[in-house]
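K.L.:
What follows is a structure written as C-alpha cells; I'll ask about it next.
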Amino acid sequence: MGLLRCLVLCALVACFGARSPPQQTFKDSPFLLSRGCNDSDVLSIARFALQDINRDLKDGYVLSLNRVNDVSEHRQDHLGSLFYLTLDVLETNCHVLSKKNWEDCEERSFFQSVYGQCKAMFLVNKPRRVLYLAAYNCSLRPVSRREIQSKCPDCPSPRPANLSDPSILEAVTESLAKYNAESTSKQYSLVKVTRASSQWVYGPAYFVEYLIKESPCTESKASSCSLQPSDSEPVGLCKGSLGRRDSEKFVSVTCDFFESQVQAPGDETSTANKGSEKLPEVKEAKHKNTAPSTPSSETVPRGSVQYLPDLDDEKAEDSKGKSAPEAFPLQLDLTANSQGDTLDVSFLFMGPEEKKLVVLPFPHKEEHSAECPGPARDARPLVLPP
C-alpha cells in the first residue's frame with residue numbers, strides 16, 4: 001500500500017512538472033477594489049501619475065493636483081496593482097518644457113484659472129519598484145468669464161493668444177525688444193504666444209506670455225528679426241506687458257529659462273546639446289538595476305490633453321434645442337470587453353517570461369467609493385469639475 005501511494009505521488013509530480021506555466025485568465029481577475037481618495041498611498045500614486053503626465057506633454061502648462069476625484073484598484077498577482085484614477089487638476093504658471101515638478105509651480109490667479117480632469121491608468125509594483133503610466137486623457141477648460149466678471153469686473157479678460165490681434169502683436173514685439181536690448185549676450189526671437197489678456201487701468205493694458213528661442217541676430221539687428229524664425233528649440237517663457245496712459249507707454253518683461261538651457265557664468269555655448277551625454281530616461285517605468293539606452297515605444301503612455309472652450313460659450317451654442325454639453329467629456333477605455341483585455345508589460349520586468357496585465361473598462365463615476373472625492377486644495381466651486 002505504501003509503495004502504491006508513493007507511485008501515485010510521483011505520477012502527480014511528473015504531471016504537474018510537465019504542464020506549461022500558468023496563464024493569466026480573465027475569469028481569475030479580481031474585482032475592482034474601491035479605495036479612499038484621501039488615503040496616503042493613493043495620494044502618493046496620484047502625484048506620481050500626474051508627474052508622468054506632465055513629463056509626457058510637449059505643449060501647454062504644467063498641471064497640478066487639486067484633488068483625487070475617484071480611484072479603483074485592480075490587484076493582479078505578481079504584476080502589482082493597476083490603479084484607475086480620476087484627478088481634478090489646475091493649470092500652473094510653469095510651461096511643460098520647463099520640466100518642473102508641479103509641486104514647485106505656482107497656480108494661476110483665480111481669474112486666469114484653467115481647470116479640468118485627467119483619467120489615468122497607473123501600474124504600481126512596490127517590490128519590483130515599478131511605476132508605470134499606461135494611459136491617460138485630460139480635458140481642460142478656462143474658468144467662466146461670466147462668473148469672473150461678476151466677482152471681479154476689473155480683472156484682466158482673456159484674449160486670443162495669436163498675433164492676428166495688433167495689440168497682442170505690439171505687446172509681444174515691444175516686450176521682447178526690451179528684453180533683447182537689456183541682454184548682454186544672446187538675442188532671442190518668438191516661438192509662439194501661449195496666453196494673452198487685456199485690462200483697462202489708466203488706459204488699455206495688454207499682458208502676454210510667449211515662448212522664445214535663441215536668435216542668430218546680433219544686438220544691433222534685434223528689432224528687425226525678433227519675429228523671424230530660426231532652427232533652435234524653445235529655451236524659455238517670457239511674460240510681458242504693454243500699457244498706455246495718454247502719450248506714455250509702459251513696457252515690462254521677465255523671462256524664465258528652462259533648466260536645460262541655464263548657462264554657467266561666462267559660458268556662451270548652449271547647454272541644449274549637453275543633455276545627449278546622459279542616458280535617456282524611461283520616465284514611465286522605474287525598476288531596479290536597469291538602465292536602457294533608448295526608451296522602447298512600449299514605454300510611451302497613450303494619452304492626450306483636450307482644451308475646451310468656456311463652458312458658458314458652449315452652452316450658448318447648444319441652447320437651440322440641444323442637450324446641455326457635458327462639462328468634461330472624458331473617456332479612457334483601452335477595451336470595451338467587460339472581462340478585460342491584456343496589455344503586454346514584459347518590458348517593465350526582468351526575465352524572459354511574458355507579463356500580461358489585465359486592463360478593464362474604466363469604472364463609471366457612479367461606482368466610486370463613499371470616501372471619494374477627496375478634499376480639494378482649492379475648494380472654490382469655480383475650479384471644481386461638477
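Each chain in the C-alpha cells gets a letter, A, B, ..., in the order shown, and its residues are numbered from 1; ligands are numbered from 1 in order too.
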Which polymer residues have any atom within 8 Å of an atom of segment 377-383 of chain A, counting only C-alpha atoms, with same-chain residues fewer than 5 positions away left out, as a PyMOL selection string?
P.N.:
chain A and resi 66-67+90+113-116+143-144+147
K.L.:
Could the residues in this selection be saved with all heavy atoms as a compact mmCIF listing (two decimals), in the first residue's frame?
P.N.:
# COMPACT_ATOMS: atom_id res chain seq x y z
N ASN A 66 -5.43 69.04 -7.76
CA ASN A 66 -6.33 69.72 -6.83
C ASN A 66 -6.94 68.72 -5.86
O ASN A 66 -6.99 68.96 -4.66
CB ASN A 66 -7.42 70.48 -7.60
CG ASN A 66 -8.17 71.45 -6.71
OD1 ASN A 66 -7.70 71.82 -5.63
ND2 ASN A 66 -9.34 71.87 -7.13
N ARG A 67 -7.40 67.58 -6.38
CA ARG A 67 -7.90 66.52 -5.52
C ARG A 67 -8.01 65.23 -6.31
O ARG A 67 -8.04 65.24 -7.55
CB ARG A 67 -9.27 66.87 -4.93
CG ARG A 67 -10.39 66.86 -5.95
CD ARG A 67 -11.74 67.17 -5.32
NE ARG A 67 -12.79 67.20 -6.34
CZ ARG A 67 -14.06 67.53 -6.10
NH1 ARG A 67 -14.43 67.87 -4.87
NH2 ARG A 67 -14.94 67.51 -7.07
N LEU A 90 -5.48 71.59 -11.92
CA LEU A 90 -5.43 73.02 -12.20
C LEU A 90 -4.16 73.33 -12.97
O LEU A 90 -3.11 72.71 -12.74
CB LEU A 90 -5.43 73.83 -10.89
CG LEU A 90 -6.70 73.80 -10.05
CD1 LEU A 90 -6.44 74.44 -8.69
CD2 LEU A 90 -7.84 74.52 -10.76
N SER A 113 -7.60 81.09 -14.11
CA SER A 113 -7.57 79.64 -13.86
C SER A 113 -8.05 78.83 -15.05
O SER A 113 -8.99 79.20 -15.76
CB SER A 113 -8.42 79.30 -12.64
OG SER A 113 -7.87 79.86 -11.47
N VAL A 114 -7.37 77.72 -15.25
CA VAL A 114 -7.79 76.68 -16.18
C VAL A 114 -7.89 75.41 -15.34
O VAL A 114 -6.95 75.05 -14.64
CB VAL A 114 -6.79 76.51 -17.33
CG1 VAL A 114 -7.18 75.32 -18.20
CG2 VAL A 114 -6.72 77.78 -18.18
N TYR A 115 -9.03 74.75 -15.39
CA TYR A 115 -9.27 73.59 -14.54
C TYR A 115 -9.79 72.44 -15.36
O TYR A 115 -10.20 72.61 -16.52
CB TYR A 115 -10.26 73.94 -13.42
CG TYR A 115 -11.69 74.14 -13.89
CD1 TYR A 115 -12.69 73.23 -13.53
CD2 TYR A 115 -12.05 75.22 -14.70
CE1 TYR A 115 -13.98 73.39 -13.96
CE2 TYR A 115 -13.35 75.40 -15.12
CZ TYR A 115 -14.32 74.48 -14.76
OH TYR A 115 -15.61 74.64 -15.20
N GLY A 116 -9.76 71.25 -14.79
CA GLY A 116 -10.26 70.10 -15.55
C GLY A 116 -10.02 68.80 -14.84
O GLY A 116 -9.80 68.75 -13.63
N VAL A 143 -11.86 79.05 -16.63
CA VAL A 143 -12.96 79.37 -15.73
C VAL A 143 -13.98 80.26 -16.45
O VAL A 143 -13.67 80.93 -17.43
CB VAL A 143 -12.46 80.08 -14.45
CG1 VAL A 143 -11.63 79.14 -13.61
CG2 VAL A 143 -11.67 81.33 -14.81
N SER A 144 -15.19 80.26 -15.94
CA SER A 144 -16.27 81.02 -16.56
C SER A 144 -15.99 82.52 -16.53
O SER A 144 -15.82 83.10 -15.45
CB SER A 144 -17.58 80.71 -15.83
OG SER A 144 -18.58 81.64 -16.17
N GLU A 147 -18.70 84.37 -14.55
CA GLU A 147 -18.57 84.36 -13.10
C GLU A 147 -17.41 85.24 -12.64
O GLU A 147 -17.50 85.90 -11.60
CB GLU A 147 -18.37 82.92 -12.61
CG GLU A 147 -19.61 82.05 -12.79
CD GLU A 147 -19.47 80.73 -12.04
OE1 GLU A 147 -18.92 80.76 -10.92
OE2 GLU A 147 -19.91 79.70 -12.57
K.L.:
My list of candidates is A:Asp344, A:Trp102, A:Asn125, A:Leu163. Which is closest to Gln76 of chain A when distances are computed with only C-alpha atoms?
P.N.:
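With only C-alpha atoms as the atom set, the closest residue is A:Asn125.
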K.L.:
For segment 229-243 of chain A, find every residue with an atom within 9 Å (counting only C-alpha atoms), except residues of its own chain fewer than 4 positions away, and show them as a PyMOL selection string.
P.N.:
chain A and resi 94-95+97-98+167-168+170-172+174-176+189-191+200-216+225+248-262+272
K.L.:
What lies within 7 Å of segment 79-84 of chain A using only C-alpha atoms, ignoring chain neighbours under 4 positions off, as a list in words?
P.N.:
Val71, Ser72, Glu73, His74, Arg75, Ala120, Met121, Phe122, Leu123, Val124, Asn125 and Phe362 of chain A
K.L.:
Between atom CA of Ile45 of chain A and atom CA of Gln117 of chain A, what is the distance, to one decimal in Å?
P.N.:
16.1 Å
K.L.:
Which polymer residues have any atom within 8 Å of an atom of Asn137 of chain A, counting only C-alpha atoms, with same-chain residues fewer than 2 positions away left out, as number ranges by chain?
P.N.:
A: 118-120, 135, 139, 303-306, 330-332
K.L.:
Check the smallest atom-to-atom distance from each of A:Leu308, A:Ala177, A:Leu334, A:Val193 to Asp59 of chain A using only C-alpha atoms, then report the winner.
P.N.:
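When distances to Asp59 of chain A are compared using only C-alpha atoms, the smallest one comes from A:Val193.
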K.L.:
I'd like to know which of A:Thr342, A:Leu133, A:Ser247, A:Asn69 is closest to Ile53 of chain A, using only C-alpha atoms.
P.N.:
A:Leu133
K.L.:
One decimal, Å: what's the distance from atom CA of Asn337 of chain A over to atom CA of Lys355 of chain A, could you say?
P.N.:
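Going from atom CA of Asn337 of chain A over to atom CA of Lys355 of chain A, I get 19.7 Å.
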K.L.:
May I ask for the distance between atom CA of Arg145 of chain A and atom CA of Leu169 of chain A, given in Å to one decimal place?
P.N.:
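Going from atom CA of Arg145 of chain A over to atom CA of Leu169 of chain A, I get 23.2 Å.
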K.L.:
I'd like to know which of A:Arg159, A:Lys58, A:Glu91, A:Pro127 is closest to Phe349 of chain A, using only C-alpha atoms.
P.N.:
A:Pro127
K.L.:
List every residue of segment 11-225 of chain A that DSSP, applied to the backbone of this structure, places in helix (DSSP H, G or I), and write the result as a ChimeraX atom specification.
P.N.:
/A:11-18,26-28,40-56,77-79,96-98,102-104,110-112,145-151,166-182,219-225
